[in-house]
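Participant: Let me begin by handing over the structure; questions about it come next.
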Amino acid sequence: MSHLKRPVALTRAGMVAERLLRAFWPLWTVLALALAPLIAGWQDRLPVEAFWGWSVLAILGATAGLGWGLWRFRWPSREAALDRLDRSLPGRPVSALRDAQATGRGDAGSEALWTAHLARMRARSENAPPARPNLNLAARDPFGLRYIALLFLLTALMFGSVWRLGSVAGLTPGGGEALAQGPVWEGWVEPPTHTGQPVLYLPDQPPGPLTVPTGSTVTLRLYGKIGALTLSETVSGRTGELPAASEPSQSFEVTRDGTIEIDGPGGVAWQVEAIPDARPQVSVAGPVETAGLGQMTLPFRASDDHGVVSGSATIALDAEAVERRHGLDIEPDPRPALTVDLPMPFTGDRAEIEEILAGDFSEHPFANMPVRITLQVTDAAGQTGASEPYPTTLPGRRFFQPVARAVAEQRRDLLWSRYNAGRVVDLLRAVSHRPGEVFPNQTTYLRLRVALRRLDTLRRAPDGLSEDAQAEIAQALWELAVQLEDGTLADARERLRRAQERLAQAMRDGASPEEIAELMDELRAATDEYLRMLAENAQPAEDGIDEPQTGQGESMQVTQDELQALMDRIQELMEEGRMAEAAELMEQLNRMMENLQVAQGEGGSGPRTPGQQSMQDLQESLRDQQDLSDEAFRDLQDRFNGREPGQGQPGQGQPGQPGQPGDGQQPGAGQQPGEGSLADRQRALRDELARQRGALPRLEGEAARRAGEALDRAGRAMDEAEDALRRDDLAGAIDRQAEATEALRGAARDLGEALARGEEGEPGTPGAGETRGAGAGQRDPLGRDTAERGGAGSDDSMLDGTDPARRAEELLGEIRRRAAERERPQAERDYLERLLDLF
């Protein structure tokens, strides 16, 4: 069995390890428990008596463990190892090889069978692996004492040092001589946390130069006989009552260059260089830019050796650079500088950062005025660094509508000084003395009159105009200016006209490229909406083609690509500063849009289908509801001003003014101008809407369902408005009328979409829709076949030739603009806010 020598030897070695572990695990446990407190340095803190008591217990426990282990340990024999190996192999081949044939000797067949059996057993024992030892002690140590001792030992090694075992020699008789032979002191240098540098163990640092950050904490411990070692240092600059040089434990902070020296046996000295924490730096990295409606962006750069923690920007008025004339001629009211936080990266290294300070300060009194911007940053050490004051003009919203610009300018003068209140009242009264010519609707004029009357009353108070009143009036004037600038357009034609006027005003004022791009996007959107309105209301001519008409009666076709190219050329000329050429092209575009007509046109014959008749009736009801709401608002203002409802204000109620009889508007069905009370007229309008609801053609699809729901909401809002009017609750009635107006707008929009998609069927025939493609041959004002380019009965995309990403940006911008209009109903603004949250 020579081939079994190696596995038998390995098996025997495993049995030795197994028996040593089982016999001496109590000894190892006692030794680990005894060494753990010594490595942790308990002997330096506990009294000598406690140390000796612990030592006696450890020696007794170790002796008992050693005796128990020697009594239990038995050296394994080769026969025991061979038997362990044999039992680990299948069929116990080793025992078979050691057996002798008991019967059948002399019989050739029997001996041949025995020989074959031995050969099979030898083959099975070839390359036999050694038997694995059983090192499991769970049965002998059910409470896991060995693991507890191991945990104590590992913890002591992690937070202590094996060098502390040398201090034990100093506690034994004659240990003074042994103390001088090994480590008799130890210490650490802990840099400030924000530096991120590791702790230095002083015994590992060679004598001589030593570089540490300023503010590092040095901790030293001197062992042995008190007075044998002393400490001297000049790095802390400590004064006053100081600990003795021989104090066993000392700690101080590095504040300057100097030396640290330990005098005595095993002493050492270092020349310490304290590296100061650099002050953070910040600077402006580029010019101020204006984005959108007055949003400011200012790039900046900041750095620090260990990272910037926070920062702020202080925007102070540069009074010396202000052009002191008109309302700015008098001394301004004291106003603190504007302070905003600088954006900081959430993750990553802050040693070098480049960010952009962005904010909308359009409503701040400093908007569009000279300011000085000072950037300041702070590091973890509490040090601050500031940039040089950056002179610039604080970006703000620019107003192109004349009345909006005048209101915004007087708001600026009022915020400049409260003593300008009288001047603001006089100038705005002069601006609005002919409201029918300068105000787009009655609501904006009434809001201005209310604000002026409120300002005139507050400034005549005994204490003058207070700061709270100043802020209140300024906020009202700002909202009025924004409403005048943005407007609440009734149709796409008015929106197109306003976009053209704003762009023309921007040409005259020399607007920035960002404002030009924004106004051009607004013009494109208004143009698209106007063309869709013409297409939806188009009546096919005899030849089936709707064409723009020239001034000489000749028809021509204009493609959408040509219009887009013309607007792109206008924007390019404006950005190049060639305003004269841009204005000429703009005039050509205006004439082209004014001459766009369809076969039906204004004043043409009535609609030929039930769907078009329903659209026209619904639009008339919408106008009537708006007029009724305006009249209720005027009555509310009269009551607020102490007059009888219907008496009116100077400049109001004149023929030709918006919302007044005689301006060319036709009263809705069921009412005549001046007949009945407001509640009766609201009831008549509700009955008219019910009639229209019953006369709607049978429609199918999602758009038709939404239109029906919107009409139901409008009817409920009208009923509530009527009840409020009969209770003489004008404010509540106006709110309900606003809800009815918005519902009617939605119904008209959804109904137009349903009709454009060919969802209308024959009256009285449920589900009888028109066949797709029935609109083939119809053309929009640009000469496009509506049935072949996304019109009724077509599956083609209506965005052919338009960048979807650009269109998405336009829609998102429009949603943001509408969400910012405070005059819109709260329900609509909540819906718009939910859309913004989603996208």
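All residue names refer to the structure tokens as shown: chains lettered A, B, ... in order, residues numbered from 1 in each chain, ligands numbered from 1 in order.
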Kindly assemble as a tab-separated table a list of the region 51-153 of chain A residues that lie within 6 Å of region 23-26 of chain A, each paired with its nearest atom pair and their distance in Å to one decimal, using only C-alpha atoms, sorted first by chain and then by ascending residue number.
Facilitator:
residue	atom	partner	partner_atom	distance
A:Gly65	CA	A:Pro26	CA	5.3
A:Gly69	CA	A:Ala23	CA	4.3
A:Arg72	CA	A:Ala23	CA	5.5
A:Phe73	CA	A:Ala23	CA	5.6
Participant: If we count only C-alpha atoms, what is near Leu585 (chain A) at a cut-off of 9 Å, once residues fewer than 4 positions away on the same chain are taken out, given as a PyMOL selection string?
Facilitator: chain A and resi 566-567+569-570+580-581+589-590
Participant: Generate the output file for the selected residues, all heavy atoms, as a PDB file, in the first residue's frame.
Facilitator:
ATOM      1  N   LEU A 566     -40.122  83.490 -45.677  1.00  0.00           N
ATOM      2  CA  LEU A 566     -40.207  84.934 -45.511  1.00  0.00           C
ATOM      3  C   LEU A 566     -39.971  85.338 -44.067  1.00  0.00           C
ATOM      4  O   LEU A 566     -39.229  86.302 -43.784  1.00  0.00           O
ATOM      5  CB  LEU A 566     -41.586  85.416 -45.985  1.00  0.00           C
ATOM      6  CG  LEU A 566     -41.841  86.933 -45.910  1.00  0.00           C
ATOM      7  CD1 LEU A 566     -40.820  87.704 -46.725  1.00  0.00           C
ATOM      8  CD2 LEU A 566     -43.259  87.259 -46.394  1.00  0.00           C
ATOM      9  N   MET A 567     -40.569  84.617 -43.110  1.00  0.00           N
ATOM     10  CA  MET A 567     -40.357  84.939 -41.690  1.00  0.00           C
ATOM     11  C   MET A 567     -38.915  84.664 -41.262  1.00  0.00           C
ATOM     12  O   MET A 567     -38.341  85.405 -40.463  1.00  0.00           O
ATOM     13  CB  MET A 567     -41.353  84.158 -40.834  1.00  0.00           C
ATOM     14  CG  MET A 567     -42.773  84.693 -40.942  1.00  0.00           C
ATOM     15  SD  MET A 567     -43.945  83.918 -39.786  1.00  0.00           S
ATOM     16  CE  MET A 567     -44.216  82.365 -40.623  1.00  0.00           C
ATOM     17  N   ARG A 569     -36.329  84.994 -43.182  1.00  0.00           N
ATOM     18  CA  ARG A 569     -35.535  86.098 -43.733  1.00  0.00           C
ATOM     19  C   ARG A 569     -35.692  87.358 -42.888  1.00  0.00           C
ATOM     20  O   ARG A 569     -34.717  88.085 -42.652  1.00  0.00           O
ATOM     21  CB  ARG A 569     -35.973  86.373 -45.180  1.00  0.00           C
ATOM     22  CG  ARG A 569     -35.211  87.503 -45.858  1.00  0.00           C
ATOM     23  CD  ARG A 569     -33.722  87.240 -45.864  1.00  0.00           C
ATOM     24  NE  ARG A 569     -32.992  88.302 -46.553  1.00  0.00           N
ATOM     25  CZ  ARG A 569     -31.681  88.470 -46.487  1.00  0.00           C
ATOM     26  NH1 ARG A 569     -30.959  87.634 -45.739  1.00  0.00           N
ATOM     27  NH2 ARG A 569     -31.096  89.445 -47.132  1.00  0.00           N
ATOM     28  N   ILE A 570     -36.907  87.593 -42.382  1.00  0.00           N
ATOM     29  CA  ILE A 570     -37.126  88.757 -41.510  1.00  0.00           C
ATOM     30  C   ILE A 570     -36.283  88.618 -40.240  1.00  0.00           C
ATOM     31  O   ILE A 570     -35.624  89.578 -39.808  1.00  0.00           O
ATOM     32  CB  ILE A 570     -38.620  88.890 -41.172  1.00  0.00           C
ATOM     33  CG1 ILE A 570     -39.414  89.272 -42.428  1.00  0.00           C
ATOM     34  CG2 ILE A 570     -38.833  89.934 -40.088  1.00  0.00           C
ATOM     35  CD1 ILE A 570     -40.913  89.272 -42.209  1.00  0.00           C
ATOM     36  N   ALA A 580     -34.339  98.311 -41.556  1.00  0.00           N
ATOM     37  CA  ALA A 580     -35.147  98.901 -42.630  1.00  0.00           C
ATOM     38  C   ALA A 580     -35.637  97.813 -43.590  1.00  0.00           C
ATOM     39  O   ALA A 580     -36.818  97.767 -43.952  1.00  0.00           O
ATOM     40  CB  ALA A 580     -34.339  99.962 -43.371  1.00  0.00           C
ATOM     41  N   GLU A 581     -34.735  96.935 -44.002  1.00  0.00           N
ATOM     42  CA  GLU A 581     -35.137  95.856 -44.896  1.00  0.00           C
ATOM     43  C   GLU A 581     -36.104  94.909 -44.204  1.00  0.00           C
ATOM     44  O   GLU A 581     -37.059  94.416 -44.819  1.00  0.00           O
ATOM     45  CB  GLU A 581     -33.896  95.105 -45.375  1.00  0.00           C
ATOM     46  CG  GLU A 581     -32.912  95.979 -46.137  1.00  0.00           C
ATOM     47  CD  GLU A 581     -31.682  95.200 -46.549  1.00  0.00           C
ATOM     48  OE1 GLU A 581     -31.825  94.005 -46.867  1.00  0.00           O
ATOM     49  OE2 GLU A 581     -30.578  95.770 -46.545  1.00  0.00           O
ATOM     50  N   LEU A 589     -45.403  90.941 -45.469  1.00  0.00           N
ATOM     51  CA  LEU A 589     -46.066  89.821 -44.805  1.00  0.00           C
ATOM     52  C   LEU A 589     -47.412  90.244 -44.242  1.00  0.00           C
ATOM     53  O   LEU A 589     -48.402  89.503 -44.340  1.00  0.00           O
ATOM     54  CB  LEU A 589     -45.164  89.283 -43.696  1.00  0.00           C
ATOM     55  CG  LEU A 589     -45.744  88.139 -42.848  1.00  0.00           C
ATOM     56  CD1 LEU A 589     -45.996  86.908 -43.712  1.00  0.00           C
ATOM     57  CD2 LEU A 589     -44.812  87.790 -41.695  1.00  0.00           C
ATOM     58  N   ASN A 590     -47.501  91.447 -43.665  1.00  0.00           N
ATOM     59  CA  ASN A 590     -48.768  91.921 -43.117  1.00  0.00           C
ATOM     60  C   ASN A 590     -49.824  92.050 -44.206  1.00  0.00           C
ATOM     61  O   ASN A 590     -50.982  91.655 -44.028  1.00  0.00           O
ATOM     62  CB  ASN A 590     -48.570  93.256 -42.410  1.00  0.00           C
ATOM     63  CG  ASN A 590     -47.694  93.120 -41.182  1.00  0.00           C
ATOM     64  OD1 ASN A 590     -47.465  92.022 -40.704  1.00  0.00           O
ATOM     65  ND2 ASN A 590     -47.186  94.238 -40.685  1.00  0.00           N
TER      66      ASN A 590
END
Participant: Can you pull out every residue within 8 Å of region 394-398 of chain A, counting only C-alpha atoms, but drop anything in the same chain fewer than 6 positions away, and send it as JSON, numbers by chain?
Facilitator: {"A": [289, 290, 293, 294, 295, 296, 360, 361, 362, 363, 366, 367, 368, 369, 370, 371, 405]}
Participant: List every residue of region 268-442 of chain A that DSSP, applied to the backbone, labels as helix (DSSP H, G or I), and write the result as number ranges by chain.
Facilitator: A: 319-321, 326-328, 402-416, 418-431, 435-438, 442
Participant: Can I get the selected residues back with N, CA, C and O atoms, as a short mmCIF file (atom, residue, chain, number, x, y, z; two decimals), in the first residue's frame?
Facilitator:
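File result_28.cif, as written:
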data_model
loop_
_atom_site.label_atom_id
_atom_site.label_comp_id
_atom_site.auth_asym_id
_atom_site.auth_seq_id
_atom_site.Cartn_x
_atom_site.Cartn_y
_atom_site.Cartn_z
N ALA A 319 -26.51 103.45 -8.01
CA ALA A 319 -27.23 104.73 -8.08
C ALA A 319 -26.50 105.75 -8.93
O ALA A 319 -27.13 106.61 -9.58
N GLU A 320 -25.15 105.72 -8.96
CA GLU A 320 -24.41 106.71 -9.73
C GLU A 320 -24.59 106.52 -11.23
O GLU A 320 -24.44 107.49 -11.98
N ALA A 321 -24.88 105.30 -11.66
CA ALA A 321 -25.03 105.05 -13.09
C ALA A 321 -26.47 105.24 -13.57
O ALA A 321 -26.73 105.15 -14.77
N HIS A 326 -36.93 112.47 -15.07
CA HIS A 326 -38.33 112.10 -14.92
C HIS A 326 -38.59 111.59 -13.51
O HIS A 326 -38.25 112.27 -12.53
N GLY A 327 -39.15 110.40 -13.37
CA GLY A 327 -39.48 109.90 -12.04
C GLY A 327 -38.28 109.48 -11.23
O GLY A 327 -38.39 109.24 -10.02
N LEU A 328 -37.10 109.38 -11.86
CA LEU A 328 -35.89 108.99 -11.15
C LEU A 328 -35.08 110.20 -10.71
O LEU A 328 -33.94 110.04 -10.24
N PRO A 402 -47.76 99.90 -26.13
CA PRO A 402 -47.51 101.25 -25.58
C PRO A 402 -48.08 101.46 -24.19
O PRO A 402 -47.40 101.98 -23.31
N VAL A 403 -49.35 101.08 -23.96
CA VAL A 403 -49.95 101.31 -22.66
C VAL A 403 -49.26 100.43 -21.60
O VAL A 403 -49.00 100.88 -20.47
N ALA A 404 -48.94 99.19 -21.97
CA ALA A 404 -48.23 98.32 -21.03
C ALA A 404 -46.88 98.91 -20.66
O ALA A 404 -46.45 98.86 -19.50
N ARG A 405 -46.19 99.50 -21.65
CA ARG A 405 -44.90 100.12 -21.36
C ARG A 405 -45.07 101.30 -20.43
O ARG A 405 -44.28 101.50 -19.49
N ALA A 406 -46.11 102.11 -20.63
CA ALA A 406 -46.34 103.26 -19.76
C ALA A 406 -46.66 102.81 -18.33
O ALA A 406 -46.15 103.38 -17.36
N VAL A 407 -47.48 101.79 -18.20
CA VAL A 407 -47.81 101.29 -16.86
C VAL A 407 -46.56 100.74 -16.17
O VAL A 407 -46.33 100.99 -14.98
N ALA A 408 -45.73 99.98 -16.91
CA ALA A 408 -44.52 99.43 -16.32
C ALA A 408 -43.55 100.54 -15.91
O ALA A 408 -42.89 100.45 -14.86
N GLU A 409 -43.47 101.60 -16.71
CA GLU A 409 -42.56 102.70 -16.36
C GLU A 409 -43.03 103.42 -15.10
O GLU A 409 -42.21 103.76 -14.22
N GLN A 410 -44.32 103.66 -14.98
CA GLN A 410 -44.82 104.34 -13.78
C GLN A 410 -44.72 103.43 -12.55
O GLN A 410 -44.52 103.91 -11.45
N ARG A 411 -44.83 102.15 -12.75
CA ARG A 411 -44.59 101.23 -11.63
C ARG A 411 -43.15 101.33 -11.16
O ARG A 411 -42.87 101.33 -9.95
N ARG A 412 -42.20 101.42 -12.11
CA ARG A 412 -40.80 101.61 -11.73
C ARG A 412 -40.61 102.89 -10.93
O ARG A 412 -39.91 102.91 -9.91
N ASP A 413 -41.25 104.00 -11.37
CA ASP A 413 -41.11 105.27 -10.65
C ASP A 413 -41.72 105.18 -9.25
O ASP A 413 -41.17 105.75 -8.29
N LEU A 414 -42.82 104.45 -9.11
CA LEU A 414 -43.44 104.32 -7.80
C LEU A 414 -42.54 103.52 -6.86
O LEU A 414 -42.42 103.84 -5.68
N LEU A 415 -41.89 102.47 -7.38
CA LEU A 415 -40.97 101.70 -6.55
C LEU A 415 -39.69 102.46 -6.27
O LEU A 415 -39.01 102.19 -5.28
N TRP A 416 -39.33 103.40 -7.13
CA TRP A 416 -38.14 104.21 -6.90
C TRP A 416 -38.31 105.09 -5.65
O TRP A 416 -37.43 105.18 -4.81
N ARG A 418 -41.68 106.58 -2.94
CA ARG A 418 -43.11 106.72 -2.63
C ARG A 418 -43.60 108.14 -2.89
O ARG A 418 -44.80 108.35 -3.05
N TYR A 419 -42.70 109.08 -2.94
CA TYR A 419 -43.10 110.45 -3.22
C TYR A 419 -43.51 110.65 -4.68
O TYR A 419 -44.01 111.72 -5.06
N ASN A 420 -43.29 109.65 -5.51
CA ASN A 420 -43.72 109.71 -6.91
C ASN A 420 -45.18 109.32 -7.08
O ASN A 420 -45.66 109.25 -8.22
N ALA A 421 -45.88 109.01 -5.99
CA ALA A 421 -47.25 108.50 -6.11
C ALA A 421 -48.15 109.49 -6.83
O ALA A 421 -48.93 109.12 -7.73
N GLY A 422 -48.10 110.78 -6.46
CA GLY A 422 -48.95 111.77 -7.12
C GLY A 422 -48.63 111.88 -8.59
O GLY A 422 -49.54 112.01 -9.44
N ARG A 423 -47.34 111.86 -8.93
CA ARG A 423 -46.94 111.95 -10.34
C ARG A 423 -47.43 110.74 -11.12
O ARG A 423 -47.89 110.87 -12.27
N VAL A 424 -47.37 109.56 -10.52
CA VAL A 424 -47.83 108.34 -11.19
C VAL A 424 -49.33 108.43 -11.47
O VAL A 424 -49.81 108.08 -12.55
N VAL A 425 -50.09 108.90 -10.49
CA VAL A 425 -51.54 109.02 -10.67
C VAL A 425 -51.85 109.97 -11.82
O VAL A 425 -52.68 109.68 -12.70
N ASP A 426 -51.20 111.12 -11.87
CA ASP A 426 -51.49 112.11 -12.92
C ASP A 426 -51.12 111.58 -14.29
O ASP A 426 -51.88 111.74 -15.25
N LEU A 427 -49.96 110.95 -14.42
CA LEU A 427 -49.52 110.48 -15.73
C LEU A 427 -50.40 109.34 -16.24
O LEU A 427 -50.76 109.32 -17.43
N LEU A 428 -50.76 108.41 -15.38
CA LEU A 428 -51.59 107.30 -15.85
C LEU A 428 -53.01 107.76 -16.15
O LEU A 428 -53.67 107.20 -17.04
N ARG A 429 -53.49 108.74 -15.44
CA ARG A 429 -54.80 109.31 -15.81
C ARG A 429 -54.72 109.97 -17.18
O ARG A 429 -55.66 109.89 -17.98
N ALA A 430 -53.62 110.65 -17.45
CA ALA A 430 -53.46 111.28 -18.76
C ALA A 430 -53.37 110.24 -19.87
O ALA A 430 -53.93 110.42 -20.95
N VAL A 431 -52.67 109.14 -19.58
CA VAL A 431 -52.54 108.09 -20.60
C VAL A 431 -53.89 107.46 -20.92
O VAL A 431 -54.19 107.12 -22.07
N PRO A 435 -60.05 105.86 -23.13
CA PRO A 435 -59.85 104.41 -23.02
C PRO A 435 -60.25 103.64 -24.26
O PRO A 435 -59.69 102.59 -24.54
N GLY A 436 -61.24 104.13 -24.99
CA GLY A 436 -61.69 103.39 -26.16
C GLY A 436 -60.63 103.26 -27.22
O GLY A 436 -60.70 102.37 -28.07
N GLU A 437 -59.61 104.11 -27.22
CA GLU A 437 -58.59 104.08 -28.25
C GLU A 437 -57.33 103.34 -27.83
O GLU A 437 -56.57 102.89 -28.68
N VAL A 438 -57.09 103.23 -26.53
CA VAL A 438 -55.81 102.66 -26.09
C VAL A 438 -55.96 101.34 -25.35
O VAL A 438 -54.96 100.62 -25.19
N GLN A 442 -62.63 96.35 -21.86
CA GLN A 442 -63.12 97.12 -20.73
C GLN A 442 -62.44 96.68 -19.42
O GLN A 442 -62.22 97.50 -18.52
#
Participant: Neighbouring residues of region 818-831 of chain A were defined as those with any atom within 9 Å, considering only C-alpha atoms; residues of the same chain fewer than 2 positions away were excluded. Please report them as a compact mmCIF listing (two decimals) with all heavy atoms, in the first residue's frame.
Facilitator:
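As a result, out-v4.txt now contains:
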# COMPACT_ATOMS: atom_id res chain seq x y z
N GLU A 479 -49.30 93.30 -12.79
CA GLU A 479 -50.26 92.37 -13.38
C GLU A 479 -51.03 93.02 -14.53
O GLU A 479 -51.32 92.38 -15.54
CB GLU A 479 -51.21 91.87 -12.31
CG GLU A 479 -50.54 91.03 -11.23
CD GLU A 479 -51.49 90.65 -10.11
OE1 GLU A 479 -52.66 91.11 -10.17
OE2 GLU A 479 -51.09 89.90 -9.20
N VAL A 482 -48.69 93.19 -17.61
CA VAL A 482 -48.55 91.87 -18.24
C VAL A 482 -49.82 91.52 -19.02
O VAL A 482 -49.76 90.99 -20.13
CB VAL A 482 -48.24 90.81 -17.18
CG1 VAL A 482 -48.30 89.41 -17.77
CG2 VAL A 482 -46.87 91.06 -16.57
N GLN A 483 -50.98 91.83 -18.44
CA GLN A 483 -52.22 91.54 -19.14
C GLN A 483 -52.34 92.37 -20.41
O GLN A 483 -52.78 91.87 -21.44
CB GLN A 483 -53.41 91.81 -18.21
CG GLN A 483 -54.76 91.48 -18.86
CD GLN A 483 -55.93 91.71 -17.92
OE1 GLN A 483 -55.74 92.11 -16.78
NE2 GLN A 483 -57.13 91.48 -18.40
N ASP A 486 -49.62 90.74 -22.90
CA ASP A 486 -49.96 89.41 -23.43
C ASP A 486 -51.37 89.38 -24.00
O ASP A 486 -51.62 88.76 -25.03
CB ASP A 486 -49.81 88.36 -22.34
CG ASP A 486 -48.36 88.22 -21.90
OD1 ASP A 486 -47.47 88.59 -22.69
OD2 ASP A 486 -48.13 87.75 -20.78
N ASP A 735 -67.39 85.15 -11.28
CA ASP A 735 -66.57 83.93 -11.27
C ASP A 735 -67.26 82.80 -12.05
O ASP A 735 -66.62 82.10 -12.84
CB ASP A 735 -66.32 83.49 -9.83
CG ASP A 735 -65.42 84.45 -9.08
OD1 ASP A 735 -64.69 85.21 -9.76
OD2 ASP A 735 -65.45 84.47 -7.83
N ALA A 738 -67.10 83.48 -15.73
CA ALA A 738 -65.78 83.16 -16.29
C ALA A 738 -65.66 81.67 -16.55
O ALA A 738 -65.11 81.25 -17.58
CB ALA A 738 -64.69 83.63 -15.32
N GLU A 739 -66.19 80.84 -15.64
CA GLU A 739 -66.16 79.40 -15.88
C GLU A 739 -66.99 79.03 -17.10
O GLU A 739 -66.60 78.17 -17.91
CB GLU A 739 -66.69 78.67 -14.65
CG GLU A 739 -65.81 78.83 -13.41
CD GLU A 739 -66.42 78.14 -12.20
OE1 GLU A 739 -67.46 77.47 -12.37
OE2 GLU A 739 -65.86 78.27 -11.09
N GLU A 742 -64.98 79.94 -20.29
CA GLU A 742 -63.92 78.98 -20.60
C GLU A 742 -64.51 77.67 -21.10
O GLU A 742 -63.97 77.04 -22.01
CB GLU A 742 -63.08 78.74 -19.35
CG GLU A 742 -62.25 79.93 -18.91
CD GLU A 742 -61.32 80.40 -20.00
OE1 GLU A 742 -60.74 79.55 -20.70
OE2 GLU A 742 -61.17 81.63 -20.18
N GLY A 813 -43.89 76.37 -24.32
CA GLY A 813 -43.82 77.79 -24.00
C GLY A 813 -45.19 78.43 -23.88
O GLY A 813 -45.42 79.28 -23.01
N GLU A 814 -46.13 78.02 -24.74
CA GLU A 814 -47.48 78.57 -24.65
C GLU A 814 -48.16 78.15 -23.35
O GLU A 814 -48.88 78.92 -22.72
CB GLU A 814 -48.29 78.10 -25.87
CG GLU A 814 -49.73 78.59 -25.90
CD GLU A 814 -49.83 80.10 -26.07
OE1 GLU A 814 -48.81 80.72 -26.47
OE2 GLU A 814 -50.90 80.66 -25.80
N ILE A 815 -47.94 76.87 -22.94
CA ILE A 815 -48.53 76.41 -21.68
C ILE A 815 -47.97 77.20 -20.52
O ILE A 815 -48.70 77.61 -19.61
CB ILE A 815 -48.27 74.90 -21.51
CG1 ILE A 815 -49.05 74.09 -22.57
CG2 ILE A 815 -48.67 74.43 -20.12
CD1 ILE A 815 -48.74 72.62 -22.55
N ARG A 816 -46.66 77.45 -20.52
CA ARG A 816 -46.06 78.24 -19.44
C ARG A 816 -46.60 79.66 -19.41
O ARG A 816 -46.86 80.22 -18.34
CB ARG A 816 -44.54 78.26 -19.61
CG ARG A 816 -43.87 76.93 -19.27
CD ARG A 816 -42.40 76.96 -19.60
NE ARG A 816 -41.72 75.73 -19.19
CZ ARG A 816 -40.52 75.37 -19.61
NH1 ARG A 816 -39.86 76.15 -20.44
NH2 ARG A 816 -39.99 74.24 -19.20
N GLU A 833 -50.71 73.71 -14.70
CA GLU A 833 -49.61 73.34 -13.81
C GLU A 833 -49.41 71.82 -13.81
O GLU A 833 -48.28 71.33 -13.77
CB GLU A 833 -49.89 73.82 -12.38
CG GLU A 833 -49.84 75.32 -12.20
CD GLU A 833 -48.45 75.88 -12.39
OE1 GLU A 833 -47.48 75.09 -12.32
OE2 GLU A 833 -48.32 77.09 -12.62
N ARG A 834 -50.50 71.07 -13.88
CA ARG A 834 -50.36 69.61 -13.94
C ARG A 834 -49.69 69.19 -15.24
O ARG A 834 -48.89 68.25 -15.26
CB ARG A 834 -51.73 68.94 -13.80
CG ARG A 834 -52.32 69.04 -12.40
CD ARG A 834 -53.47 68.08 -12.22
NE ARG A 834 -54.60 68.37 -13.08
CZ ARG A 834 -55.60 69.20 -12.79
NH1 ARG A 834 -55.60 69.82 -11.62
NH2 ARG A 834 -56.58 69.41 -13.63
N LEU A 835 -50.00 69.86 -16.34
CA LEU A 835 -49.33 69.56 -17.60
C LEU A 835 -47.83 69.82 -17.51
O LEU A 835 -47.01 69.03 -17.98
CB LEU A 835 -49.94 70.40 -18.73
CG LEU A 835 -51.33 70.00 -19.23
CD1 LEU A 835 -51.77 70.94 -20.34
CD2 LEU A 835 -51.33 68.57 -19.73
N LEU A 836 -47.46 70.95 -16.89
CA LEU A 836 -46.04 71.27 -16.74
C LEU A 836 -45.33 70.25 -15.85
O LEU A 836 -44.17 69.90 -16.10
CB LEU A 836 -45.88 72.68 -16.15
CG LEU A 836 -46.31 73.83 -17.06
CD1 LEU A 836 -46.19 75.15 -16.32
CD2 LEU A 836 -45.47 73.85 -18.33
Participant: Could you tell me, as a PyMOL selection string, which residues of region 273-378 of chain A DSSP assigns to strand (DSSP E) when given the backbone?
Facilitator: chain A and resi 273-275+281-284+289-291+295-303+308-317+338-341+352-360+370-378
Participant: Give me the residues near Gln281 (chain A) as number ranges by chain, where near means some atom within 8 Å (using only C-alpha atoms) and where sequence neighbours in that chain fewer than 2 positions away do not count.
Facilitator: A: 279, 283, 302-304, 377, 385-387
Participant: I'd like the interatomic distance between CA of Gly752 (chain A) and CA of Asp617 (chain A), to a tenth of an Å.
Facilitator: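 Taking CA of Gly752 (chain A) and CA of Asp617 (chain A), their separation equals 12.5 Å.
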Participant: Nearest to Val162 (chain A) among A:Ala36, A:Leu242, A:Ala138, A:Ala149, with distances taken over only C-alpha atoms: which residue is it?
Facilitator: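 Of A:Ala36, A:Leu242, A:Ala138, A:Ala149, the one nearest Val162 (chain A), counting only C-alpha atoms, is A:Ala36.
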Participant: For each of A:Thr219, A:Thr63, A:Thr234, A:Thr392, take the minimum atom-to-atom distance to Gly286 (chain A), counting only C-alpha atoms, then give the residue where this is smallest.
Facilitator: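 When distances to Gly286 (chain A) are compared using only C-alpha atoms, the smallest one comes from A:Thr392.
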Participant: Taking only C-alpha atoms into account, which of A:Glu355, A:Asp638, A:Glu587, A:Glu467 comes nearest Val282 (chain A)?
Facilitator: A:Glu355
Participant: Write out as JSON, numbers by chain the residues lying within 9 Å of region 114-126 of chain A, counting only C-alpha atoms and excluding same-chain residues fewer than 2 positions away.
Facilitator: {"A": [1, 3, 4, 86, 89, 90, 91, 92, 93, 94, 96, 97, 101, 109, 110, 111, 112, 128, 129]}
